[in-house]
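**Q** Below is the file target_12.cif, which contains mmCIF, C-alpha atoms and all ligand atoms.
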data_data
loop_
_atom_site.label_atom_id
_atom_site.label_comp_id
_atom_site.auth_asym_id
_atom_site.auth_seq_id
_atom_site.Cartn_x
_atom_site.Cartn_y
_atom_site.Cartn_z
CA MET A 1 115.92 91.69 76.49
CA LYS A 2 118.22 94.10 78.26
CA ARG A 3 121.32 92.23 79.39
CA LEU A 4 122.66 94.80 81.82
CA PHE A 5 121.00 97.19 84.24
CA ASP A 6 122.54 100.26 82.54
CA LYS A 7 125.44 101.35 80.33
CA LYS A 8 127.64 102.08 83.32
CA GLU A 9 128.02 98.34 83.91
CA SER A 10 129.74 97.75 80.56
CA GLY A 11 131.75 100.99 80.46
CA SER A 12 135.53 100.89 80.29
CA ASN A 13 137.58 100.99 83.46
CA LYS A 14 138.79 104.42 82.44
CA GLU A 15 135.23 105.73 82.10
CA ARG A 16 134.31 104.24 85.45
CA LYS A 17 137.32 105.75 87.16
CA THR A 18 136.69 109.20 85.67
CA ARG A 19 133.04 109.12 86.71
CA GLN A 20 133.79 107.89 90.23
CA ASP A 21 136.68 110.30 90.73
CA GLU A 22 134.44 113.20 89.72
CA SER A 23 131.71 112.08 92.15
CA LEU A 24 134.29 111.64 94.88
CA ALA A 25 135.73 115.13 94.37
CA ARG A 26 132.18 116.54 94.48
CA MET A 27 131.36 114.58 97.62
CA VAL A 28 134.50 115.75 99.44
CA LYS A 29 133.99 119.36 98.38
CA LEU A 30 130.36 119.36 99.50
CA GLY A 31 131.16 117.38 102.67
CA TYR A 32 133.83 119.89 103.63
CA LYS A 33 131.24 122.64 103.44
CA LYS A 34 128.34 120.81 105.08
CA SER A 35 129.77 118.24 107.48
CA ALA A 36 131.53 119.48 110.59
CA ARG A 37 132.98 116.01 111.15
CA LEU A 38 134.49 115.63 107.70
CA LYS A 39 135.96 119.12 107.97
CA ALA A 40 137.53 118.14 111.30
CA ILE A 41 138.90 114.84 109.91
CA LEU A 42 140.46 116.63 106.95
CA GLY A 43 141.87 119.28 109.29
CA GLN A 44 143.39 116.73 111.68
CA ASN A 45 145.11 115.01 108.79
CA LYS A 46 146.19 118.32 107.27
CA ILE A 47 144.40 117.59 104.03
CA ASN A 48 143.10 120.24 101.71
CA PRO A 49 139.72 118.97 100.40
CA LYS A 50 140.88 119.95 96.90
CA ASN A 51 143.52 117.24 97.18
CA ILE A 52 141.03 114.37 97.35
CA LYS A 53 140.06 114.11 93.72
CA THR A 54 140.81 110.48 92.94
CA ARG A 55 140.38 107.08 94.57
CA GLU A 56 144.16 106.88 95.03
CA GLU A 57 144.07 110.11 97.06
CA LEU A 58 141.36 108.67 99.33
CA GLU A 59 144.11 106.66 100.99
CA LYS A 60 145.25 109.82 102.79
CA LEU A 61 142.11 109.63 104.95
CA PRO A 62 141.73 107.30 107.93
CA VAL A 63 139.50 104.21 107.75
CA THR A 64 136.41 104.48 109.97
CA SER A 65 135.36 101.17 111.52
CA ARG A 66 131.89 100.40 112.81
CA GLU A 67 133.23 100.68 116.39
CA LYS A 68 134.64 104.10 115.61
CA LEU A 69 131.35 105.18 114.03
CA VAL A 70 129.46 104.14 117.20
CA GLU A 71 131.95 106.12 119.29
CA ILE A 72 131.73 109.33 117.28
CA GLU A 73 127.94 109.09 116.96
CA MET A 74 127.75 108.90 120.76
CA GLN A 75 129.93 112.00 121.01
CA GLN A 76 127.80 113.86 118.53
CA PRO A 77 124.36 112.28 118.10
CA PRO A 78 122.72 111.20 115.98
CA TYR A 79 125.05 111.07 112.90
CA ALA A 80 128.41 112.22 114.30
CA GLY A 81 128.17 115.38 112.20
CA LEU A 82 128.75 113.31 109.05
CA GLU A 83 125.42 114.27 107.51
CA ASN A 84 124.43 117.04 105.15
CA PRO A 85 122.07 119.08 107.37
CA VAL A 86 120.29 120.80 104.50
CA MET A 87 119.33 117.62 102.61
CA PRO A 88 115.92 116.17 103.48
CA ILE A 89 116.25 112.73 105.04
CA ASP A 90 113.38 110.42 104.19
CA ARG A 91 114.13 107.62 106.66
CA ILE A 92 116.38 106.91 109.59
CA PHE A 93 117.59 103.38 110.19
CA THR A 94 119.35 101.89 113.16
CA SER A 95 121.80 99.07 113.55
CA PRO A 96 123.32 97.52 116.66
CA GLY A 97 125.63 99.88 118.52
CA PRO A 98 123.36 101.77 118.26
CA VAL A 99 124.30 103.41 115.00
CA TYR A 100 121.89 105.74 113.28
CA GLU A 101 121.98 106.08 109.52
CA PRO A 102 120.15 108.60 107.40
CA HIS A 103 118.86 106.68 104.39
CA LEU A 104 120.20 107.60 100.99
CA SER A 105 117.73 109.12 98.60
CA GLU A 106 114.69 107.15 97.42
CA ASN A 107 116.09 107.58 93.93
CA ASP A 108 119.21 105.65 94.75
CA TYR A 109 119.72 102.36 92.90
CA LEU A 110 120.26 100.44 96.15
CA TRP A 111 120.24 96.68 95.38
CA ALA A 112 118.56 97.08 91.98
CA ARG A 113 121.75 96.07 90.14
CA ALA A 114 121.93 92.93 92.24
CA PHE A 115 118.33 91.91 91.55
CA PHE A 116 118.72 92.64 87.85
CA ALA A 117 121.85 90.48 87.69
CA ALA A 118 119.90 87.69 89.39
CA GLY A 119 117.36 87.84 86.59
CA ILE A 120 114.54 89.34 88.67
CA GLY A 121 112.17 91.60 86.72
CA PRO A 122 108.58 92.73 86.17
CA LYS A 123 107.28 89.17 85.83
CA ASP A 124 108.43 88.26 89.31
CA ILE A 125 106.51 88.10 92.54
CA ALA A 126 109.15 88.43 95.23
CA LEU A 127 108.89 87.47 98.85
CA ASN A 128 111.02 89.88 100.90
CA ALA A 129 111.74 88.03 104.12
CA PHE A 130 114.06 90.66 105.60
CA SER A 131 112.92 92.63 108.61
CA TYR A 132 111.14 95.90 107.89
CA HIS A 133 111.41 96.95 111.50
CA LEU A 134 113.96 99.69 112.37
CA VAL A 135 116.81 98.13 110.36
CA ALA A 136 117.58 99.04 106.77
CA ALA A 137 117.29 95.61 105.16
CA GLY A 138 113.55 95.22 104.53
CA LEU A 139 112.84 98.62 103.02
CA THR A 140 116.04 98.98 101.01
CA PHE A 141 115.66 95.52 99.43
CA HIS A 142 112.02 96.36 98.81
CA ASN A 143 113.02 99.52 96.92
CA GLY A 144 115.58 97.63 94.85
CA LEU A 145 112.98 95.02 93.89
CA ARG A 146 110.57 97.77 92.85
CA LYS A 147 113.32 99.41 90.76
CA VAL A 148 113.58 96.26 88.61
CA GLY A 149 109.77 96.10 88.38
CA ALA A 150 109.04 93.10 90.60
CA THR A 151 105.91 92.85 92.73
CA VAL A 152 106.93 92.63 96.38
CA ILE A 153 105.31 90.79 99.27
CA PRO A 154 106.69 92.43 102.41
CA SER A 155 106.55 89.27 104.48
CA GLY A 156 109.44 90.35 106.73
CA THR A 157 110.10 88.09 109.66
CA SER A 158 106.68 86.40 109.65
CA SER A 159 106.66 82.74 110.73
CA SER A 160 107.83 80.07 108.30
CA GLN A 161 104.28 78.72 108.12
CA ILE A 162 102.96 82.10 106.91
CA GLN A 163 105.84 82.34 104.40
CA VAL A 164 104.96 78.91 102.98
CA GLN A 165 101.34 79.97 102.68
CA LEU A 166 102.32 83.17 100.83
CA ILE A 167 104.69 81.31 98.47
CA LYS A 168 101.89 78.92 97.60
CA ASP A 169 98.86 81.24 97.45
CA LEU A 170 100.55 84.14 95.67
CA LYS A 171 102.68 82.00 93.34
CA VAL A 172 105.90 83.56 94.52
CA THR A 173 108.77 83.26 92.01
CA ALA A 174 111.66 84.83 93.94
CA TYR A 175 112.88 84.88 97.53
CA VAL A 176 114.95 87.60 99.18
CA GLY A 177 116.33 86.90 102.65
CA THR A 178 118.93 84.81 104.43
CA PRO A 179 119.82 81.31 103.18
CA SER A 180 119.19 79.75 106.59
CA PHE A 181 115.65 81.13 106.71
CA LEU A 182 114.89 79.77 103.24
CA MET A 183 116.03 76.34 104.45
CA VAL A 184 113.68 76.69 107.44
CA ILE A 185 110.83 77.61 105.07
CA ILE A 186 111.56 74.59 102.82
CA THR A 187 111.63 72.28 105.84
CA LYS A 188 108.31 73.72 107.04
CA ALA A 189 106.78 73.24 103.59
CA LYS A 190 107.78 69.57 103.69
CA GLU A 191 106.24 69.22 107.15
CA MET A 192 103.06 70.76 105.76
CA GLY A 193 103.01 68.03 103.13
CA PHE A 194 104.19 69.99 100.08
CA ASP A 195 106.68 69.00 97.41
CA PHE A 196 108.74 72.18 96.99
CA ARG A 197 109.64 71.62 93.33
CA LYS A 198 106.18 70.52 92.18
CA ASP A 199 103.84 72.60 94.30
CA PHE A 200 105.64 75.94 94.19
CA ARG A 201 106.99 78.31 91.54
CA LEU A 202 109.89 79.69 93.52
CA LYS A 203 112.84 79.58 91.13
CA ARG A 204 115.26 82.26 92.32
CA ALA A 205 116.70 83.41 95.61
CA CYS A 206 118.85 86.42 96.49
CA PHE A 207 120.72 86.14 99.74
CA ALA A 208 122.45 88.66 101.96
CA ALA A 209 123.52 89.09 105.59
CA GLU A 210 124.79 85.52 105.95
CA PRO A 211 127.36 83.35 104.18
CA LEU A 212 125.98 80.94 101.60
CA PHE A 213 127.88 77.72 102.20
CA PRO A 214 128.63 75.60 99.11
CA ASP A 215 126.70 72.54 100.31
CA MET A 216 123.65 74.67 101.10
CA ARG A 217 123.87 76.28 97.67
CA ARG A 218 124.10 72.88 96.01
CA SER A 219 121.06 71.74 97.94
CA PHE A 220 118.96 74.78 96.92
CA GLU A 221 119.97 74.39 93.30
CA ASN A 222 119.97 70.61 92.87
CA ASP A 223 117.32 69.45 95.34
CA TYR A 224 114.86 72.32 95.03
CA GLY A 225 115.61 73.88 91.62
CA ILE A 226 116.24 77.34 93.04
CA ASP A 227 118.82 79.50 91.26
CA THR A 228 120.76 81.31 94.00
CA TYR A 229 122.59 84.65 94.07
CA GLN A 230 124.65 86.36 96.73
CA MET A 231 124.56 90.07 97.51
CA TYR A 232 126.87 92.01 99.79
CA GLY A 233 126.46 95.33 101.55
CA ALA A 234 126.32 97.10 104.90
CA THR A 235 123.74 99.40 106.45
CA GLU A 236 126.29 102.20 106.71
CA VAL A 237 127.09 102.24 102.99
CA GLY A 238 124.27 100.38 101.23
CA ASP A 239 124.87 97.77 98.53
CA VAL A 240 128.48 97.03 97.75
CA ALA A 241 128.67 94.01 95.42
CA TYR A 242 126.54 91.33 93.80
CA GLU A 243 126.80 88.08 91.92
CA CYS A 244 126.02 87.68 88.22
CA SER A 245 124.99 84.50 86.41
CA GLN A 246 128.65 83.39 86.24
CA LYS A 247 128.68 83.00 90.05
CA ASN A 248 132.37 83.62 90.15
CA GLY A 249 132.90 86.70 92.30
CA TRP A 250 130.69 89.66 93.15
CA HIS A 251 130.64 92.71 90.88
CA ILE A 252 131.30 95.96 92.70
CA CYS A 253 128.39 98.42 92.48
CA GLU A 254 128.91 101.43 90.23
CA GLU A 255 128.03 103.86 93.03
CA THR A 256 130.71 102.69 95.44
CA ILE A 257 134.48 102.83 95.63
CA VAL A 258 135.85 99.65 97.16
CA GLU A 259 139.41 99.47 98.42
CA ILE A 260 141.13 96.37 99.79
CA VAL A 261 143.44 97.54 102.53
CA ASP A 262 145.91 96.27 105.08
CA PRO A 263 143.96 96.84 108.34
CA SER A 264 147.12 97.72 110.25
CA THR A 265 148.10 100.58 107.92
CA GLY A 266 144.91 101.52 106.05
CA LYS A 267 146.89 101.38 102.78
CA ASN A 268 145.73 99.47 99.71
CA VAL A 269 147.24 96.02 99.18
CA ALA A 270 148.37 94.91 95.71
CA PRO A 271 145.58 93.69 93.38
CA GLY A 272 144.63 90.10 94.15
CA GLN A 273 145.88 90.14 97.73
CA LEU A 274 143.68 89.60 100.74
CA GLY A 275 142.75 92.59 102.89
CA GLU A 276 139.90 94.46 104.54
CA ILE A 277 137.02 95.71 102.40
CA VAL A 278 136.82 99.49 102.79
CA VAL A 279 133.86 101.21 101.16
CA THR A 280 133.10 104.76 100.15
CA ARG A 281 129.54 105.28 98.98
CA LEU A 282 129.40 108.20 96.56
CA ASN A 283 126.50 110.38 97.72
CA GLU A 284 125.58 113.84 98.93
CA ILE A 285 123.80 113.03 102.19
CA PHE A 286 126.13 111.05 104.45
CA PHE A 287 129.85 111.83 104.21
CA LEU A 288 131.23 108.59 105.53
CA LEU A 289 134.48 108.19 103.62
CA ARG A 290 136.40 104.92 103.86
CA PHE A 291 134.09 102.78 105.98
CA GLY A 292 136.00 99.72 107.23
CA THR A 293 133.66 96.73 107.03
CA GLY A 294 135.94 94.38 108.99
CA ASP A 295 135.37 91.77 106.27
CA LEU A 296 138.23 90.23 104.35
CA SER A 297 138.30 89.73 100.62
CA ARG A 298 140.41 90.18 97.51
CA ILE A 299 139.74 91.73 94.13
CA ILE A 300 139.34 89.80 90.89
CA THR A 301 140.34 91.99 87.96
CA ASP A 302 139.81 89.41 85.15
CA LYS A 303 137.14 90.10 82.59
CA CYS A 304 133.77 88.54 83.44
CA PRO A 305 131.93 86.79 80.57
CA CYS A 306 128.63 88.38 81.67
CA GLY A 307 129.64 91.70 80.05
CA ARG A 308 129.97 93.72 83.24
CA THR A 309 133.38 95.34 83.37
CA SER A 310 133.51 96.14 87.08
CA TYR A 311 136.04 94.34 89.23
CA ARG A 312 134.74 91.61 91.52
CA LEU A 313 135.14 90.70 95.17
CA ALA A 314 136.16 87.08 95.68
CA GLY A 315 133.50 86.46 98.34
CA ILE A 316 134.20 87.02 102.03
CA SER A 317 137.19 85.23 103.54
CA GLY A 318 136.32 86.03 107.16
CA ARG A 319 136.73 88.90 109.60
CA ILE A 320 139.94 90.83 110.08
CA GLY A 321 140.46 89.38 113.57
CA ASP A 322 140.55 85.82 112.16
CA ALA A 323 143.30 86.43 109.64
CA VAL A 324 147.01 86.03 110.23
CA LYS A 325 149.62 87.91 108.26
CA VAL A 326 152.47 85.94 106.73
CA ARG A 327 155.24 87.90 105.00
CA GLY A 328 152.86 90.82 104.65
CA LEU A 329 150.00 88.76 103.20
CA PHE A 330 146.90 87.70 105.08
CA ILE A 331 145.67 84.16 105.23
CA ALA A 332 142.22 83.40 106.63
CA PRO A 333 140.62 80.18 107.92
CA SER A 334 138.03 80.30 105.14
CA GLN A 335 140.80 80.10 102.54
CA LEU A 336 142.17 77.00 104.23
CA LYS A 337 138.66 75.52 104.23
CA LEU A 338 138.47 76.13 100.50
CA ILE A 339 141.78 74.28 100.03
CA GLN A 340 140.48 71.41 102.17
CA SER A 341 137.38 71.16 100.00
CA LYS A 342 139.62 70.70 96.93
CA PHE A 343 141.41 67.76 98.60
CA ASN A 344 138.54 65.65 99.84
CA ASN A 345 138.18 67.57 103.15
CA LEU A 346 141.80 66.99 104.01
CA PRO A 347 142.51 67.77 107.70
CA LEU A 348 145.22 70.43 107.85
CA GLN A 349 146.59 73.22 109.98
CA ALA A 350 148.79 76.22 109.22
CA VAL A 351 151.57 77.17 111.63
CA VAL A 352 153.35 80.48 111.31
CA ASN A 353 156.76 80.86 112.85
CA ARG A 354 159.78 83.05 112.47
CA GLN A 355 163.41 82.29 111.61
CA GLY A 356 165.50 85.40 112.08
CA HIS A 357 163.43 88.10 110.43
CA GLU A 358 161.63 85.76 108.05
CA ASP A 359 158.14 84.36 108.52
CA ILE A 360 157.95 80.61 107.91
CA LEU A 361 154.67 79.03 106.92
CA LYS A 362 154.33 75.36 107.72
CA ILE A 363 151.32 73.27 106.80
CA ILE A 364 150.57 70.18 108.85
CA ILE A 365 148.64 67.60 106.87
CA GLU A 366 147.03 64.34 107.96
CA LYS A 367 147.99 61.40 105.79
CA ILE A 368 144.47 60.20 105.15
CA ALA A 369 145.27 58.58 101.79
CA PRO A 370 148.33 56.72 100.44
CA GLU A 371 149.14 59.23 97.70
CA ILE A 372 149.42 62.11 100.20
CA GLY A 373 153.05 63.04 100.68
CA SER A 374 154.40 62.00 97.28
CA ALA A 375 156.44 64.67 95.50
CA GLN A 376 153.78 65.05 92.83
CA TRP A 377 150.96 65.36 95.36
CA GLU A 378 152.87 67.91 97.40
CA GLN A 379 153.58 70.04 94.34
CA SER A 380 149.93 70.11 93.35
CA PHE A 381 148.95 70.96 96.93
CA LYS A 382 151.47 73.81 97.06
CA ASN A 383 150.26 75.14 93.72
CA ILE A 384 146.64 75.23 94.83
CA PHE A 385 147.62 76.76 98.16
CA LYS A 386 149.51 79.56 96.39
CA GLU A 387 146.61 80.12 94.03
CA ILE A 388 144.08 80.51 96.86
CA CYS A 389 146.16 82.17 99.57
CA THR A 390 148.76 83.98 97.40
CA VAL A 391 151.33 82.98 100.07
CA LYS A 392 153.94 80.30 99.40
CA VAL A 393 154.16 77.24 101.68
CA ASP A 394 157.67 76.83 103.12
CA GLN A 395 157.36 73.49 104.87
CA VAL A 396 154.94 70.58 104.86
CA GLU A 397 154.71 68.15 107.76
CA TYR A 398 152.73 64.92 107.47
CA VAL A 399 151.07 63.44 110.53
CA ASP A 400 148.91 60.38 111.16
CA LYS A 401 145.18 60.44 110.67
CA GLY A 402 143.32 61.99 113.64
CA LYS A 403 146.32 63.98 114.93
CA ILE A 404 144.72 67.37 114.25
CA LYS A 405 141.89 67.73 116.74
CA PRO A 406 138.66 69.30 115.46
CA ASP A 407 138.72 72.02 118.15
CA GLU A 408 142.23 73.18 117.27
CA LYS A 409 142.74 76.52 115.54
CA MET A 410 143.22 76.29 111.78
CA ILE A 411 145.96 78.89 111.85
CA VAL A 412 148.42 78.89 114.73
CA ASP A 413 150.62 81.94 115.10
CA GLN A 414 153.75 80.98 117.09
CA ARG A 415 155.66 84.17 116.44
CA GLN A 416 156.77 86.19 119.47
CA TRP A 417 156.06 89.89 119.11
ZN ZN A 501 129.75 88.92 85.75
#
Let me see the structure of the file written as structure tokens.

**A**
Amino acid sequence: MKRLFDKKESGSNKERKTRQDESLARMVKLGYKKSARLKAILGQNKINPKNIKTREELEKLPVTSREKLVEIEMQQPPYAGLENPVMPIDRIFTSPGPVYEPHLSENDYLWARAFFAAGIGPKDIALNAFSYHLVAAGLTFHNGLRKVGATVIPSGTSSSQIQVQLIKDLKVTAYVGTPSFLMVIITKAKEMGFDFRKDFRLKRACFAAEPLFPDMRRSFENDYGIDTYQMYGATEVGDVAYECSQKNGWHICEETIVEIVDPSTGKNVAPGQLGEIVVTRLNEIFFLLRFGTGDLSRIITDKCPCGRTSYRLAGISGRIGDAVKVRGLFIAPSQLKLIQSKFNNLPLQAVVNRQGHEDILKIIIEKIAPEIGSAQWEQSFKNIFKEICTVKVDQVEYVDKGKIKPDEKMIVDQRQW
């Protein structure tokens, strides 16, 4: 059996970079000719299109956020002049804003890599519970499922009762949709008197559009025997990253360039540091370079045992507005939650202050167990904190149990600007 979707996935980093740089140079050259907007952006930034030949040179261009895309599409409807007017567009999707997106070609591999990595193939009957109405999700996931050979039931947003009926009658083996909707479907099945493990054949689920919380994942896998996979993308740029069987980070799609940038400067952060996910989809239809997703993540560069050589995103750590920068590095509430989960849901709070020109990071910790506060405990806490947040803890303050109120912010920024 084929282990990877194609040879690109196991190519060397050098091969990948050469291929992507060549596509990027082609995209910029073509975009300069065809897209009035890209030509204007390059002009405003005094950039010769010939000087954007590598991913490093992309950094010269501004990041375009969703808000900015809405604004420029309103100025110049429907695509802000970012499109290639001579390429046939087979579908037009919308997303809230409104934003209008010409769909990439039918031949694009959208989501197929993700489904392949999740083990979905020609033997599968997949229930696609994403909306097929106006938005991109339903049809693009459908195409990806077809690319790996699965039979698709376009159930869309039908009621949970209908979904249960379909899963049962058509012997569905895989689910594609949000995790919360699958939980609703499972609950409905129980209400209808079914035993999900015994009465159904659903063994895999691919999720997108919502976070998959660890306890929910455990429940799907342990209680219902469903192997779960996360996928990540955005309507504006298509699929971006996907989980493999190792479930330790999301492999970046071969057709996209992902940068992790400091949202205040638009410049790349050092590998491993937290920043905003900025995506460039290599294509010849829609010249949206450096789309700022507003999501925070960091890159994992370690080799993955699955055989794919692409770098991975370490999940989503929140939105850029939630993060606070300490000594030039972002920390996000979700990272603190991860630390809590490693210490028995330890109540804690981060306080950022300033002494002179130095940021000081203090962690307030509730003493919920006797060992908390010993030198050994504190060292192990600090080590794990550094590992997850990449920022060093300067001070630790211990308080009595119940001192940190549940409605308090996890990260308090007391610096005066
Ligand atoms: Zn992998």

**Q** Listing only residues of chain A within 7 Å of ligand ZN 501 (chain A), what is the closest atom pair and its distance in Å (to one decimal) for each, using all atoms listed in the file, sorted by chain and residue number ascending, as a Markdown table?

**A**
| residue | atom | partner | partner_atom | distance |
| --- | --- | --- | --- | --- |
| A:Glu243 | CA | A:ZN501 | ZN | 6.9 |
| A:Cys244 | CA | A:ZN501 | ZN | 4.6 |
| A:Ser245 | CA | A:ZN501 | ZN | 6.5 |
| A:Gln246 | CA | A:ZN501 | ZN | 5.7 |
| A:His251 | CA | A:ZN501 | ZN | 6.4 |
| A:Cys304 | CA | A:ZN501 | ZN | 4.7 |
| A:Pro305 | CA | A:ZN501 | ZN | 6.0 |
| A:Cys306 | CA | A:ZN501 | ZN | 4.3 |
| A:Gly307 | CA | A:ZN501 | ZN | 6.3 |
| A:Arg308 | CA | A:ZN501 | ZN | 5.4 |

**Q** Can you spit out the residues from that selection as a PDB file, keeping the file's coordinate frame, using C-alpha atoms?

**A**
ATOM      1  CA  GLU A 243     126.800  88.080  91.920  1.00  0.00           C
ATOM      2  CA  CYS A 244     126.020  87.680  88.220  1.00  0.00           C
ATOM      3  CA  SER A 245     124.990  84.500  86.410  1.00  0.00           C
ATOM      4  CA  GLN A 246     128.650  83.390  86.240  1.00  0.00           C
ATOM      5  CA  HIS A 251     130.640  92.710  90.880  1.00  0.00           C
ATOM      6  CA  CYS A 304     133.770  88.540  83.440  1.00  0.00           C
ATOM      7  CA  PRO A 305     131.930  86.790  80.570  1.00  0.00           C
ATOM      8  CA  CYS A 306     128.630  88.380  81.670  1.00  0.00           C
ATOM      9  CA  GLY A 307     129.640  91.700  80.050  1.00  0.00           C
ATOM     10  CA  ARG A 308     129.970  93.720  83.240  1.00  0.00           C
TER      11      ARG A 308
END

**Q** Find the residues near stretch 353-364 of chain A: any atom within 10 Å, counting all atoms listed in the file, skip ones fewer than 3 places away on the same chain, and give them as a CSV table (one decimal) with C-alpha atoms, in the frame of the given file.

**A**
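Contents of the output file selection-v6.csv:
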chain,number,residue,atom,x,y,z
A,325,LYS,CA,149.6,87.9,108.3
A,326,VAL,CA,152.5,85.9,106.7
A,327,ARG,CA,155.2,87.9,105.0
A,328,GLY,CA,152.9,90.8,104.6
A,347,PRO,CA,142.5,67.8,107.7
A,348,LEU,CA,145.2,70.4,107.8
A,349,GLN,CA,146.6,73.2,110.0
A,350,ALA,CA,148.8,76.2,109.2
A,367,LYS,CA,148.0,61.4,105.8
A,382,LYS,CA,151.5,73.8,97.1
A,391,VAL,CA,151.3,83.0,100.1
A,392,LYS,CA,153.9,80.3,99.4
A,393,VAL,CA,154.2,77.2,101.7
A,394,ASP,CA,157.7,76.8,103.1
A,395,GLN,CA,157.4,73.5,104.9
A,396,VAL,CA,154.9,70.6,104.9
A,397,GLU,CA,154.7,68.2,107.8
A,398,TYR,CA,152.7,64.9,107.5
A,399,VAL,CA,151.1,63.4,110.5
A,403,LYS,CA,146.3,64.0,114.9
A,404,ILE,CA,144.7,67.4,114.2
A,410,MET,CA,143.2,76.3,111.8
A,411,ILE,CA,146.0,78.9,111.8
A,412,VAL,CA,148.4,78.9,114.7
A,413,ASP,CA,150.6,81.9,115.1
A,414,GLN,CA,153.8,81.0,117.1
A,415,ARG,CA,155.7,84.2,116.4
A,416,GLN,CA,156.8,86.2,119.5

**Q** To one decimal in Å, tell me the separation between atom CA of A:Thr178 and atom CA of A:Pro214.

**A** 14.4 Å

**Q** Dump as a list in words all residues having an atom at most 7 Å from (113.4, 87.4, 89.1), computed in the file's coordinates with only C-alpha atoms.

**A** Ala118, Gly119, Ile120, Gly121, Asp124, Thr173, Ala174 and Arg204 of chain A

**Q** Just to confirm, what's the straight-line distance from atom CA of A:Lys68 to atom CA of A:Glu83 in Å (one decimal)?

**A**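 According to the coordinates, atom CA of A:Lys68 and atom CA of A:Glu83 are separated by 15.9 Å.
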
**Q** Which residues come within 8 Å of stretch 224-226 of chain A, counting all atoms listed in the file, excluding same-chain residues fewer than 6 positions away, as number ranges by chain?

**A** A: 196-197, 202-205

**Q** Select, from A:Trp250, A:Tyr175, A:Phe330, A:Tyr79, the residue with the minimum atom-to-atom distance to A:Val152, counting all atoms listed in the file.

**A**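 Closest residue, counting all atoms listed in the file: A:Tyr175.
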
**Q** May I ask for the distance between atom CA of A:Ala241 and atom CA of A:Gly315, given in Å to one decimal place?

**A**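 According to the coordinates, atom CA of A:Ala241 and atom CA of A:Gly315 are separated by 9.4 Å.
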
**Q** Rank A:Thr228, A:Asn383, A:Thr235, A:Ser297 by their smallest atom-to-atom distance to A:Glu259, using only C-alpha atoms, and report the top residue only.

**A**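 Of A:Thr228, A:Asn383, A:Thr235, A:Ser297, the one nearest A:Glu259, counting only C-alpha atoms, is A:Ser297.
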
**Q** Which residue gives the smallest distance to A:Lys50 among A:Met183, A:Phe220, A:Val70, A:Ala25, with only C-alpha atoms counted?

**A**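 So, comparing all the options, the nearest one is A:Ala25.
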
**Q** Using only C-alpha atoms, which residues sit within 10 Å of A:Lys2 once same-chain residues fewer than 3 positions away are excluded, as a list in words?

**A**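 Surrounding residues, per the criterion: Phe5, Asp6 and Phe116 of chain A.
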
**Q** Go through A:Val324, A:Val148, A:Cys389, A:Ile285 and flag the residue nearest A:Arg26, using all atoms listed in the file for the distances.

**A** A:Ile285

**Q** Residues near A:Lys188, anyone? I mean within 8 Å using all atoms listed in the file, not counting same-chain ones fewer than 5 positions away, as a compact mmCIF listing (two decimals) with C-alpha atoms, keeping the file's coordinate frame.

**A**
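Okay, out-v9.txt is ready:
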# COMPACT_ATOMS: atom_id res chain seq x y z
CA SER A 160 107.83 80.07 108.30
CA GLN A 161 104.28 78.72 108.12
CA VAL A 164 104.96 78.91 102.98

**Q** May I have the centre and edge lengths, in Å to one decimal, of an axis-aligned box around the listed atoms of stretch 250-253 of chain A with 6 Å added to every side, as lines of an AutoDock Vina configuration file?

**A**
center_x = 129.8
center_y = 94.0
center_z = 92.0
size_x = 14.9
size_y = 20.8
size_z = 14.3

**Q** Looking at A:Leu329, A:Ala270, A:Leu24, A:Met74, which one is nearest to A:Thr256, with distances taken over all atoms listed in the file?

**A**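 Under the stated criterion, the closest residue is A:Leu24.
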